[in-house]
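Source file: upload-v1.csv. Holds: CSV, C-alpha atoms.
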chain,number,residue,atom,x,y,z
A,16,MET,CA,0.0,0.0,0.0
A,17,ALA,CA,1.5,3.3,-1.1
A,18,PRO,CA,1.9,5.9,1.5
A,19,PRO,CA,-0.4,9.0,1.1
A,20,PRO,CA,1.1,12.0,-0.6
A,21,ALA,CA,2.8,14.5,1.6
A,22,ALA,CA,0.7,17.6,2.3
A,23,GLU,CA,2.0,20.8,0.6
A,24,PRO,CA,3.2,23.4,2.9
A,25,PRO,CA,0.8,26.3,3.5
A,26,ALA,CA,1.3,29.2,1.2
A,27,VAL,CA,2.9,32.2,2.8
A,28,VAL,CA,0.6,35.1,2.8
A,29,VAL,CA,2.5,38.3,1.9
A,30,ASN,CA,1.0,41.7,2.2
A,31,PRO,CA,1.8,43.6,-1.1
A,32,ASN,CA,1.3,46.9,0.6
A,33,ALA,CA,3.6,46.1,3.5
A,34,ARG,CA,6.2,48.8,4.2
A,35,THR,CA,9.3,47.2,5.7
A,36,VAL,CA,13.0,47.4,5.7
A,37,ARG,CA,14.5,45.9,2.5
A,38,ASP,CA,18.3,45.2,2.7
A,39,PHE,CA,20.2,43.6,-0.2
A,40,GLN,CA,24.0,43.5,-0.3
A,41,GLY,CA,25.7,42.1,-3.4
A,42,GLU,CA,22.6,40.3,-4.6
A,43,GLU,CA,21.9,39.8,-8.3
A,44,VAL,CA,19.6,42.4,-9.7
A,45,ALA,CA,17.4,39.9,-11.6
A,46,MET,CA,17.0,37.8,-8.5
A,47,VAL,CA,16.0,40.8,-6.4
A,48,LEU,CA,13.5,41.9,-8.9
A,49,ARG,CA,11.8,38.5,-9.0
A,50,LEU,CA,11.8,38.3,-5.2
A,51,LEU,CA,10.1,41.7,-4.9
A,52,ALA,CA,7.6,40.9,-7.6
A,53,ARG,CA,6.6,37.8,-5.7
A,54,GLN,CA,6.1,39.9,-2.5
A,55,ALA,CA,4.1,42.5,-4.5
A,56,GLY,CA,1.9,39.7,-6.0
A,57,VAL,CA,2.4,40.9,-9.6
A,58,ASN,CA,3.4,39.1,-12.8
A,59,VAL,CA,6.8,40.1,-14.1
A,60,VAL,CA,9.2,39.2,-16.9
A,61,VAL,CA,12.8,40.1,-16.3
A,62,SER,CA,15.1,40.2,-19.3
A,63,ASP,CA,18.1,37.9,-19.3
A,64,GLN,CA,20.2,40.8,-20.5
A,65,ILE,CA,19.9,42.3,-17.0
A,66,ALA,CA,23.1,41.5,-15.2
A,67,GLY,CA,25.1,42.8,-12.3
A,68,THR,CA,24.5,43.1,-8.5
A,69,ILE,CA,23.0,45.7,-6.3
A,70,ASN,CA,23.6,47.0,-2.8
A,71,MET,CA,20.6,48.7,-1.3
A,72,ARG,CA,18.7,49.3,1.9
A,73,VAL,CA,15.4,51.0,1.8
A,74,GLU,CA,12.7,51.6,4.5
A,75,ASN,CA,9.0,52.3,4.5
A,76,LEU,CA,8.5,51.2,0.9
A,77,THR,CA,6.1,48.7,-0.6
A,78,PRO,CA,7.6,45.9,-2.8
A,79,MET,CA,6.4,47.6,-6.0
A,80,GLU,CA,8.0,50.9,-5.0
A,81,ALA,CA,11.2,49.1,-4.3
A,82,ILE,CA,11.1,47.6,-7.8
A,83,ARG,CA,10.8,51.1,-9.3
A,84,VAL,CA,13.7,52.3,-7.3
A,85,ILE,CA,15.9,49.5,-8.7
A,86,VAL,CA,14.7,50.2,-12.2
A,87,GLU,CA,15.6,53.9,-12.0
A,88,ALA,CA,18.9,53.3,-10.3
A,89,LYS,CA,20.1,50.7,-12.9
A,90,GLY,CA,18.7,52.7,-15.9
A,91,LEU,CA,16.2,49.9,-16.8
A,92,ASP,CA,12.8,50.2,-18.5
A,93,ILE,CA,9.6,48.9,-17.1
A,94,SER,CA,6.3,48.7,-19.0
A,95,GLN,CA,3.0,47.0,-18.4
A,96,SER,CA,0.9,45.1,-20.9
A,97,ASN,CA,-2.0,42.7,-20.2
A,98,ASN,CA,-1.4,42.8,-16.5
A,99,VAL,CA,2.2,41.8,-16.9
A,100,TYR,CA,5.2,43.9,-16.1
A,101,PHE,CA,8.2,43.7,-18.5
A,102,ILE,CA,11.6,44.8,-17.3
A,103,LYS,CA,14.4,45.2,-19.9
A,104,THR,CA,17.5,47.2,-20.6
A,105,ALA,CA,17.6,50.5,-22.3
A,106,ALA,CA,19.3,49.0,-25.3
A,107,GLU,CA,16.5,46.4,-25.7
A,108,LYS,CA,14.0,49.2,-25.4
A,109,ALA,CA,15.6,51.1,-28.2
A,110,LYS,CA,15.5,48.1,-30.6
A,111,GLU,CA,11.8,47.5,-29.9
A,112,PRO,CA,9.7,48.0,-32.9
A,113,THR,CA,7.2,50.9,-32.9
A,114,GLU,CA,3.6,51.0,-33.9
A,115,ALA,CA,1.4,53.7,-35.3
A,116,SER,CA,-2.0,54.6,-34.0
A,117,SER,CA,-4.4,57.5,-33.8
A,118,TYR,CA,-7.0,59.0,-31.4
A,119,THR,CA,-9.9,61.3,-32.3
A,120,PHE,CA,-10.7,63.8,-29.6
A,121,SER,CA,-14.3,64.6,-28.6
A,122,TYR,CA,-13.6,67.6,-26.3
A,123,ALA,CA,-10.0,68.6,-26.6
A,124,LYS,CA,-9.1,70.7,-29.7
A,125,VAL,CA,-6.0,70.1,-31.8
A,126,GLU,CA,-6.2,73.6,-33.1
A,127,ILE,CA,-7.0,76.8,-31.2
A,128,LEU,CA,-7.5,80.4,-32.2
A,129,ASP,CA,-4.5,82.6,-31.5
A,130,THR,CA,-5.6,86.0,-30.3
A,131,LYS,CA,-2.1,87.4,-30.9
A,132,GLU,CA,-2.3,86.4,-34.6
A,133,GLY,CA,-5.7,88.1,-35.1
A,134,GLY,CA,-7.7,85.0,-34.4
A,135,LYS,CA,-5.7,82.7,-36.7
A,136,ALA,CA,-6.1,78.9,-36.1
A,137,THR,CA,-2.8,77.4,-34.9
A,138,GLU,CA,-1.8,74.0,-33.5
A,139,ASN,CA,-2.5,73.5,-29.8
A,140,GLU,CA,1.1,73.5,-28.6
A,141,LYS,CA,0.1,72.7,-25.0
A,142,LEU,CA,-1.7,69.6,-26.1
A,143,LYS,CA,1.2,68.5,-28.3
A,144,THR,CA,3.7,69.0,-25.5
A,145,LEU,CA,1.5,67.0,-23.1
A,146,ILE,CA,1.2,64.1,-25.6
A,147,MET,CA,5.0,64.2,-26.4
A,148,SER,CA,5.8,63.8,-22.7
A,149,GLN,CA,4.2,60.4,-22.8
A,150,ILE,CA,5.7,59.1,-26.0
A,151,GLN,CA,8.8,57.0,-25.3
A,152,CYS,CA,10.2,56.6,-28.9
A,153,GLY,CA,10.7,60.4,-29.3
A,154,VAL,CA,8.6,60.7,-32.5
A,155,SER,CA,6.5,63.9,-32.5
A,156,PRO,CA,2.7,63.4,-32.9
A,157,GLN,CA,0.8,65.0,-35.9
A,158,PHE,CA,-2.5,66.8,-35.7
A,159,ASP,CA,-5.4,66.7,-38.3
A,160,ALA,CA,-7.6,69.8,-37.7
A,161,ARG,CA,-10.4,68.6,-40.0
A,162,THR,CA,-11.1,65.4,-38.0
A,163,ASN,CA,-9.7,66.7,-34.7
A,164,THR,CA,-7.4,63.6,-34.6
A,165,VAL,CA,-3.9,63.0,-33.4
A,166,PHE,CA,-1.6,60.5,-35.1
A,167,PHE,CA,1.3,59.1,-33.1
A,168,ARG,CA,3.9,56.3,-33.1
A,169,ASP,CA,5.4,54.6,-30.1
A,170,TYR,CA,6.7,51.3,-28.7
A,171,LYS,CA,4.2,48.5,-28.6
A,172,SER,CA,4.7,48.1,-24.9
A,173,ASN,CA,3.6,51.7,-24.3
A,174,MET,CA,0.6,51.8,-26.5
A,175,ALA,CA,-1.9,50.8,-23.8
A,176,ASN,CA,-0.6,53.4,-21.4
A,177,LEU,CA,-0.7,56.1,-24.1
A,178,ALA,CA,-4.3,55.3,-25.1
A,179,LEU,CA,-5.3,55.5,-21.4
A,180,PHE,CA,-3.6,58.9,-21.1
A,181,LEU,CA,-5.3,60.3,-24.2
A,182,GLU,CA,-8.7,59.2,-22.8
A,183,SER,CA,-8.0,60.8,-19.4
A,184,ILE,CA,-7.2,64.3,-21.0
A,185,ASP,CA,-10.2,64.1,-23.4
A,186,GLN,CA,-12.8,65.1,-20.9
A,187,PRO,CA,-15.6,67.7,-21.1
A,188,THR,CA,-14.6,71.0,-19.4
A,189,GLN,CA,-16.7,71.7,-16.4
A,190,GLN,CA,-18.7,74.9,-16.6
A,191,VAL,CA,-19.9,77.5,-14.0
A,192,MET,CA,-22.9,79.8,-14.3
A,193,ILE,CA,-22.3,83.1,-12.6
A,194,GLU,CA,-25.2,85.3,-11.6
A,195,ALA,CA,-24.5,88.9,-10.5
A,196,ARG,CA,-26.8,91.5,-9.1
A,197,LEU,CA,-25.7,95.1,-9.6
A,198,VAL,CA,-27.3,97.5,-7.1
A,199,GLU,CA,-26.7,101.2,-6.8
A,200,VAL,CA,-26.9,102.5,-3.2
A,201,ASN,CA,-27.9,106.1,-2.5
A,202,ALA,CA,-28.0,107.2,1.2
A,203,ASN,CA,-31.1,109.4,0.8
A,204,PRO,CA,-34.0,107.5,2.4
A,205,LYS,CA,-37.6,108.9,2.6
A,206,GLN,CA,-40.0,108.1,5.4
A,207,SER,CA,-43.7,108.8,5.6
A,208,TYR,CA,-45.9,108.0,8.6
A,209,GLY,CA,-49.5,109.1,9.4
A,210,ILE,CA,-53.0,108.8,8.0
A,211,ASN,CA,-53.9,109.2,4.4
A,212,TRP,CA,-57.3,110.9,4.1
A,213,SER,CA,-58.3,109.5,0.7
A,214,GLY,CA,-55.1,110.9,-0.8
A,215,VAL,CA,-55.8,114.5,0.4
A,216,LEU,CA,-52.6,114.6,2.4
A,217,GLY,CA,-50.4,113.5,-0.5
A,218,GLY,CA,-47.3,111.5,-0.3
A,219,SER,CA,-44.0,112.0,1.5
A,220,ASN,CA,-42.8,114.5,-1.1
A,221,ASN,CA,-46.1,116.2,-2.0
A,222,GLY,CA,-47.9,117.1,1.2
A,223,GLN,CA,-51.1,119.1,1.0
A,224,THR,CA,-53.0,121.4,3.3
A,225,VAL,CA,-55.8,120.0,5.4
A,226,ARG,CA,-59.1,121.9,5.3
A,227,TRP,CA,-62.1,121.5,7.5
A,228,GLY,CA,-65.6,121.2,6.0
A,229,GLY,CA,-68.3,123.9,6.5
A,230,SER,CA,-68.4,127.6,5.6
A,231,GLY,CA,-66.3,130.5,6.9
A,232,PHE,CA,-67.2,132.5,9.9
A,233,PRO,CA,-70.4,134.6,9.3
A,234,LYS,CA,-70.2,138.3,10.0
A,235,TYR,CA,-72.4,139.7,12.9
A,236,ASP,CA,-72.6,143.0,14.7
A,237,TYR,CA,-72.1,142.0,18.3
A,238,THR,CA,-72.6,145.6,19.5
A,239,LYS,CA,-76.3,145.3,18.8
A,240,VAL,CA,-78.9,142.8,20.0
A,241,ASN,CA,-82.6,142.2,19.0
A,242,PRO,CA,-84.6,142.8,22.2
A,243,VAL,CA,-87.2,140.3,21.1
A,244,THR,CA,-85.2,137.3,19.8
A,245,GLY,CA,-81.9,138.1,21.6
A,246,GLU,CA,-79.9,137.6,18.4
A,247,TYR,CA,-77.2,139.7,16.9
A,248,PRO,CA,-77.9,141.2,13.5
A,249,ALA,CA,-75.9,139.8,10.5
A,250,VAL,CA,-73.6,142.0,8.5
A,251,THR,CA,-73.6,141.2,4.8
A,252,ASP,CA,-70.8,143.5,3.7
A,253,GLY,CA,-67.7,144.7,5.3
A,254,PRO,CA,-65.5,143.3,8.0
A,255,ASP,CA,-66.6,141.7,11.2
A,256,VAL,CA,-67.6,144.2,13.9
A,257,ALA,CA,-65.2,144.2,16.9
A,258,LEU,CA,-66.2,142.1,19.8
A,259,THR,CA,-67.0,145.0,22.1
A,260,GLY,CA,-70.3,143.6,23.5
A,261,ASP,CA,-71.0,141.7,26.6
A,262,LEU,CA,-68.5,138.9,26.8
A,263,ASN,CA,-71.0,136.7,28.7
A,264,ASN,CA,-73.6,137.2,26.0
A,265,ILE,CA,-71.1,136.4,23.3
A,266,LEU,CA,-69.8,133.2,24.8
A,267,LEU,CA,-72.7,131.9,26.9
A,268,SER,CA,-75.8,133.0,25.1
A,269,GLY,CA,-78.1,130.2,24.0
A,270,ASN,CA,-79.0,131.8,20.7
A,271,LYS,CA,-77.6,130.3,17.5
A,272,SER,CA,-75.2,133.2,16.9
A,273,ASN,CA,-73.0,132.7,19.9
A,274,LEU,CA,-69.3,132.0,19.5
A,275,GLY,CA,-69.5,128.4,20.5
A,276,ARG,CA,-72.0,127.6,17.8
A,277,GLN,CA,-69.8,129.5,15.2
A,278,ILE,CA,-66.8,127.4,16.1
A,279,MET,CA,-68.8,124.1,16.0
A,280,GLY,CA,-70.2,125.1,12.7
A,281,GLN,CA,-66.8,124.9,11.1
A,282,ALA,CA,-66.4,121.1,11.7
A,283,ALA,CA,-67.9,119.0,8.9
A,284,ILE,CA,-69.6,115.6,9.6
A,285,LEU,CA,-68.8,113.1,6.9
A,286,SER,CA,-71.0,110.2,6.0
A,287,VAL,CA,-69.6,106.6,5.7
A,288,PRO,CA,-69.2,106.8,1.9
A,289,GLN,CA,-67.4,110.1,2.2
A,290,MET,CA,-65.1,109.0,5.0
A,291,SER,CA,-62.1,107.0,3.7
A,292,ALA,CA,-59.1,107.1,6.0
A,293,THR,CA,-56.0,104.9,5.4
A,294,LEU,CA,-53.5,104.3,8.1
A,295,ARG,CA,-50.1,105.1,6.5
A,296,LEU,CA,-47.0,103.5,8.1
A,297,LEU,CA,-44.7,103.2,5.2
A,298,ASN,CA,-41.0,103.6,4.9
A,299,GLU,CA,-40.3,104.9,1.4
A,300,ASP,CA,-36.6,104.1,1.2
A,301,THR,CA,-35.1,105.2,-2.1
A,302,ASP,CA,-31.5,104.4,-1.1
A,303,THR,CA,-31.1,101.5,-3.5
A,304,GLU,CA,-31.7,101.1,-7.2
A,305,PHE,CA,-31.6,97.7,-8.9
A,306,LEU,CA,-29.5,98.1,-12.0
A,307,ALA,CA,-29.1,94.7,-13.6
A,308,ASN,CA,-29.1,90.9,-13.0
A,309,PRO,CA,-26.8,89.5,-15.6
A,310,ARG,CA,-26.0,85.8,-16.0
A,311,ILE,CA,-23.0,84.3,-17.8
A,312,VAL,CA,-21.6,80.8,-18.2
A,313,THR,CA,-17.9,80.2,-18.4
A,314,ALA,CA,-15.6,77.1,-18.4
A,315,ASN,CA,-13.5,76.0,-15.6
A,316,ASN,CA,-10.3,78.2,-15.1
A,317,LEU,CA,-11.5,80.6,-17.7
A,318,LYS,CA,-12.1,84.3,-17.0
A,319,ALA,CA,-15.7,85.7,-17.4
A,320,GLU,CA,-16.3,89.4,-17.6
A,321,ILE,CA,-19.5,91.4,-17.1
A,322,LYS,CA,-19.5,95.1,-18.1
A,323,ILE,CA,-22.2,97.8,-17.7
A,324,VAL,CA,-20.3,100.8,-18.8
A,325,ARG,CA,-20.8,104.1,-20.6
A,326,ASN,CA,-18.5,105.6,-23.3
A,327,GLN,CA,-17.9,109.4,-22.9
A,328,PRO,CA,-16.5,110.8,-26.2
A,329,VAL,CA,-13.8,113.4,-25.5
A,330,PRO,CA,-12.4,115.6,-28.3
A,331,LYS,CA,-8.7,115.0,-29.1
A,332,LEU,CA,-6.5,118.0,-29.8
A,333,THR,CA,-3.1,117.9,-31.5
A,334,PHE,CA,-0.5,120.7,-31.8
A,335,ASN,CA,0.5,121.6,-35.3
A,336,GLU,CA,4.1,122.8,-35.1
A,337,GLN,CA,4.0,124.4,-38.6
A,338,THR,CA,1.0,126.6,-37.8
A,339,ALA,CA,1.7,126.8,-34.1
A,340,SER,CA,-2.0,126.0,-33.5
A,341,THR,CA,-4.2,123.4,-32.0
A,342,GLU,CA,-6.1,121.2,-34.3
A,343,PHE,CA,-9.0,118.8,-33.7
A,344,SER,CA,-8.1,115.2,-34.5
A,345,GLY,CA,-11.1,113.2,-33.5
A,346,PHE,CA,-12.6,111.7,-30.4
A,347,GLU,CA,-11.3,109.4,-27.7
A,348,ASP,CA,-13.7,107.4,-25.5
A,349,LYS,CA,-13.5,107.6,-21.7
A,350,ILE,CA,-15.1,104.5,-20.3
A,351,TYR,CA,-16.7,104.4,-16.8
A,352,GLY,CA,-19.3,102.2,-15.1
A,353,ASN,CA,-19.3,98.7,-13.5
A,354,THR,CA,-17.1,95.8,-14.4
A,355,LEU,CA,-17.1,92.4,-12.8
A,356,SER,CA,-14.4,89.8,-13.6
A,357,VAL,CA,-14.7,86.3,-12.2
A,358,THR,CA,-12.4,83.3,-12.8
A,359,PRO,CA,-13.9,80.0,-11.3
A,360,THR,CA,-11.9,77.0,-10.3
A,361,ILE,CA,-13.6,73.6,-9.7
A,362,ASN,CA,-11.6,71.1,-7.6
A,363,LYS,CA,-11.9,67.3,-7.6
A,364,ASP,CA,-14.6,67.5,-4.8
A,365,HIS,CA,-16.7,69.8,-7.0
A,366,PHE,CA,-16.2,72.8,-4.8
A,367,VAL,CA,-15.9,76.1,-6.6
A,368,THR,CA,-13.5,78.8,-5.7
A,369,MET,CA,-13.7,82.1,-7.6
A,370,LEU,CA,-11.2,85.0,-8.1
A,371,VAL,CA,-13.5,88.0,-8.0
A,372,GLN,CA,-12.3,91.4,-9.4
A,373,PRO,CA,-15.0,94.1,-9.3
A,374,THR,CA,-14.3,97.6,-10.6
A,375,ILE,CA,-16.6,100.6,-10.1
A,376,SER,CA,-15.9,103.9,-11.8
A,377,ASN,CA,-18.0,107.1,-11.7
A,378,ARG,CA,-17.8,110.4,-13.5
A,379,VAL,CA,-17.5,113.0,-10.7
A,380,SER,CA,-16.9,116.2,-12.7
A,381,ASP,CA,-15.3,117.7,-15.8
A,382,GLN,CA,-11.9,119.4,-16.1
A,383,VAL,CA,-11.4,122.0,-18.8
A,384,PHE,CA,-8.0,122.3,-20.5
A,385,THR,CA,-7.0,125.2,-22.7
A,386,PHE,CA,-4.3,124.9,-25.4
A,387,THR,CA,-3.4,127.9,-27.5
A,388,GLY,CA,-6.8,129.3,-27.4
A,389,ALA,CA,-8.7,126.0,-27.8
A,390,SER,CA,-10.4,124.3,-24.9
A,391,VAL,CA,-11.3,120.7,-24.3
A,392,SER,CA,-13.3,119.2,-21.5
A,393,SER,CA,-12.2,115.9,-20.1
A,394,PRO,CA,-14.2,113.9,-17.5
A,395,ILE,CA,-12.7,113.2,-14.1
A,396,ILE,CA,-13.4,109.5,-13.3
A,397,ASP,CA,-13.3,108.1,-9.8
A,398,THR,CA,-12.3,104.4,-9.9
A,399,ARG,CA,-12.5,101.8,-7.1
A,400,SER,CA,-11.5,98.1,-7.4
A,401,LEU,CA,-10.6,95.1,-5.3
A,402,GLU,CA,-9.5,91.5,-5.8
A,403,SER,CA,-10.6,88.6,-3.6
A,404,ASN,CA,-10.9,84.8,-3.6
A,405,VAL,CA,-14.1,83.3,-2.4
Could you show the structure in this file as structure tokens?
Amino acid sequence: MAPPPAAEPPAVVVNPNARTVRDFQGEEVAMVLRLLARQAGVNVVVSDQIAGTINMRVENLTPMEAIRVIVEAKGLDISQSNNVYFIKTAAEKAKEPTEASSYTFSYAKVEILDTKEGGKATENEKLKTLIMSQIQCGVSPQFDARTNTVFFRDYKSNMANLALFLESIDQPTQQVMIEARLVEVNANPKQSYGINWSGVLGGSNNGQTVRWGGSGFPKYDYTKVNPVTGEYPAVTDGPDVALTGDLNNILLSGNKSNLGRQIMGQAAILSVPQMSATLRLLNEDTDTEFLANPRIVTANNLKAEIKIVRNQPVPKLTFNEQTASTEFSGFEDKIYGNTLSVTPTINKDHFVTMLVQPTISNRVSDQVFTFTGASVSSPIIDTRSLESNV
């Protein structure tokens, strides 16, 4: 009876992210690379052209980080394809055949408008420099503006990495909508409190005189009295007769011509339809004026500018040396008003920070200049500005 097969030793579990001390003295480079790849849990192919030994001691590095340190120290090349790392010498890398490929951009532009050249379309040099930094063979890429495509050539081992890089930079640009409210403040408030009697009193800036109902005071001769009725005779023309009669008769007499009745006769009694009183407790503040509420959309990291300005033409005068006189040569615009510049930045957590630069300028007065008998008026403009990150 054959003995049972011996049990395999348990596999040693190695943490690929372990950061420990790694000390190699006089060990072969190829052997050290294979050992570290086993600890990192990755597939690796080490070229047989790699020779020599290495002396190294590193701390607080993962196995994969230690492999890259050796590759850089020995001038080797490492590339990845199909989940396998290939480590070879620089000479082998130079002899590796190249392949041609292309990529059509959906969002990035291979040509841009050059404002310095009057809006002429030129190659996107920033994009070309970025792609060139990832090409290992050193062949410069070519752009086709009609199809928005880049054509490139590189080593086969780097094609996958290059394609992944092109996809990562061909992303839609995030946009920010900026809404501004421009308000002009004037420290001149108006307040109005009281009772509005059907609009008779007017507003806070057009007050009117209040008048009581009834007729004016009638004219009586208080120095004479009717002995039968006890009333004072009325005077149809002329001024009122002086109050020289008996004061008690004037103030306390029960007849209809006494002073108390005259005073009461001046107060009008309004019916319900005629009576229309409105309690007024308003604060008519005119210290703010809403100017505009503009909205603008801009791309990430691009400046947006909102302007509400006025152009003031100013005559231009030039001095003619031959005639020793001042001549009119046209107009020059002086611009003043409100300008708001905003540059948004969106971080990876989708938070937006903005560089805000408001500028406010007002025309405060005019200055007259005289040149050889000719005068020109130029506006004096007061400008205030600030810059802040929010």
Q: Tell me, as a list in words, which residues lie within 9 Å of Lys124 (chain A), counting all atoms listed in the file; anything in the same chain fewer than 5 positions away does not count.
A: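 Once the adjacent positions are removed, what remains is Glu138, Asn139, Leu142, Ala160, Asn163 and Thr164 of chain A.
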Q: Counting only C-alpha atoms, note down every residue that has an atom within 6 Å of the point (11.5, 45.8, -16.9) (file coordinates), as a ChimeraX atom specification.
A: /A:61,92-93,101-103
Q: In Å, rounded to a single decimal, give me how far CA of Leu355 (chain A) is from CA of Glu320 (chain A).
A: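 Going from CA of Glu320 (chain A) over to CA of Leu355 (chain A), I get 5.7 Å.
The gap separating CA of Asp38 (chain A) from CA of Leu51 (chain A) is 11.7 Å, in Å to one decimal.
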**Q.** Distance criterion (only C-alpha atoms): nearest to Gln190 (chain A) out of A:Gln54, A:Ser392, A:Gln40, A:Thr358
**A.** A:Thr358
Q) If you measure from CA of Leu76 (chain A) to CA of Thr35 (chain A), what distance in Å do you get, rounded to one decimal? A)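 Here the two named atoms are 6.3 Å from each other.
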Q: Name the closest residue to Arg34 (chain A) among the candidates A:Asn308, A:Asn58, A:Asn75, A:Ser117; distances are taken between atoms, counting only C-alpha atoms.
A: A:Asn75
Neighbours of point (21.5, 43.8, -7.2) within 7 Å, using only C-alpha atoms, written as a PDB file with C-alpha atoms, in the frame of the given file:
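Dumped everything to out19.pdb:
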ATOM      1  CA  GLY A  41      25.700  42.100  -3.400  1.00  0.00           C
ATOM      2  CA  GLU A  42      22.600  40.300  -4.600  1.00  0.00           C
ATOM      3  CA  GLU A  43      21.900  39.800  -8.300  1.00  0.00           C
ATOM      4  CA  VAL A  44      19.600  42.400  -9.700  1.00  0.00           C
ATOM      5  CA  VAL A  47      16.000  40.800  -6.400  1.00  0.00           C
ATOM      6  CA  GLY A  67      25.100  42.800 -12.300  1.00  0.00           C
ATOM      7  CA  THR A  68      24.500  43.100  -8.500  1.00  0.00           C
ATOM      8  CA  ILE A  69      23.000  45.700  -6.300  1.00  0.00           C
ATOM      9  CA  ASN A  70      23.600  47.000  -2.800  1.00  0.00           C
TER      10      ASN A  70
END
Q: Could you check which of A:Ile395, A:Val73, A:Met79, A:Ile323 is closest to Ala52 (chain A), using only C-alpha atoms?
A: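 Comparing A:Ile395, A:Val73, A:Met79, A:Ile323 against Ala52 (chain A), the winner is A:Met79.
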Q) Of the residues A:Lys171, A:Arg399, A:Arg310, A:His365, which is the one nearest to Asn353 (chain A), using only C-alpha atoms? A)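 Of all the options, A:Arg399 lies closest to Asn353 (chain A).
Candidate residues A:Val59, A:Leu401, A:Gln95, A:Asn335 were compared for distance to Asn176 (chain A), and the nearest is A:Gln95, using only C-alpha atoms.
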Q.
List the spatial neighbours of Asp381 (chain A) as a list in words - criterion: any atom at most 12 Å away, all atoms listed in the file, same-chain residues fewer than 2 positions off excluded.
A. Gln327, Val329, Lys349, Asn377, Arg378, Val379, Val383, Phe384, Val391, Ser392, Ser393, Pro394, Ile395, Ile396 and Asp397 of chain A
With N, CA and C atoms as the target, complete region 174-190 of chain A and hand it back as a short mmCIF file (atom, residue, chain, number, x, y, z; two decimals), keeping the file's coordinate frame.
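This is the output file selection_22.cif:
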data_model
loop_
_atom_site.label_atom_id
_atom_site.label_comp_id
_atom_site.auth_asym_id
_atom_site.auth_seq_id
_atom_site.Cartn_x
_atom_site.Cartn_y
_atom_site.Cartn_z
N MET A 174 1.79 51.42 -25.85
CA MET A 174 0.60 51.80 -26.50
C MET A 174 -0.64 51.85 -25.59
N ALA A 175 -0.75 50.86 -24.73
CA ALA A 175 -1.90 50.80 -23.80
C ALA A 175 -1.87 52.00 -22.85
N ASN A 176 -0.67 52.31 -22.34
CA ASN A 176 -0.60 53.40 -21.40
C ASN A 176 -0.87 54.76 -22.13
N LEU A 177 -0.43 54.89 -23.38
CA LEU A 177 -0.70 56.10 -24.10
C LEU A 177 -2.15 56.30 -24.45
N ALA A 178 -2.82 55.22 -24.80
CA ALA A 178 -4.30 55.30 -25.10
C ALA A 178 -5.03 55.70 -23.82
N LEU A 179 -4.63 55.14 -22.68
CA LEU A 179 -5.30 55.50 -21.40
C LEU A 179 -5.06 56.96 -21.08
N PHE A 180 -3.86 57.45 -21.37
CA PHE A 180 -3.60 58.90 -21.10
C PHE A 180 -4.41 59.78 -21.97
N LEU A 181 -4.56 59.46 -23.27
CA LEU A 181 -5.30 60.30 -24.20
C LEU A 181 -6.81 60.32 -23.73
N GLU A 182 -7.33 59.22 -23.26
CA GLU A 182 -8.70 59.20 -22.80
C GLU A 182 -8.88 60.05 -21.52
N SER A 183 -7.85 60.08 -20.69
CA SER A 183 -8.00 60.80 -19.40
C SER A 183 -7.95 62.35 -19.67
N ILE A 184 -7.27 62.81 -20.73
CA ILE A 184 -7.20 64.30 -21.00
C ILE A 184 -8.38 64.69 -21.90
N ASP A 185 -9.06 63.76 -22.55
CA ASP A 185 -10.20 64.10 -23.40
C ASP A 185 -11.47 64.06 -22.63
N GLN A 186 -11.63 65.02 -21.75
CA GLN A 186 -12.80 65.10 -20.90
C GLN A 186 -13.51 66.41 -21.10
N PRO A 187 -14.84 66.42 -20.93
CA PRO A 187 -15.60 67.70 -21.10
C PRO A 187 -15.15 68.68 -20.00
N THR A 188 -15.02 69.92 -20.39
CA THR A 188 -14.60 71.00 -19.40
C THR A 188 -15.85 71.35 -18.59
N GLN A 189 -15.66 71.36 -17.30
CA GLN A 189 -16.70 71.70 -16.40
C GLN A 189 -17.04 73.23 -16.56
N GLN A 190 -18.31 73.56 -16.39
CA GLN A 190 -18.70 74.90 -16.60
C GLN A 190 -19.40 75.46 -15.30
#
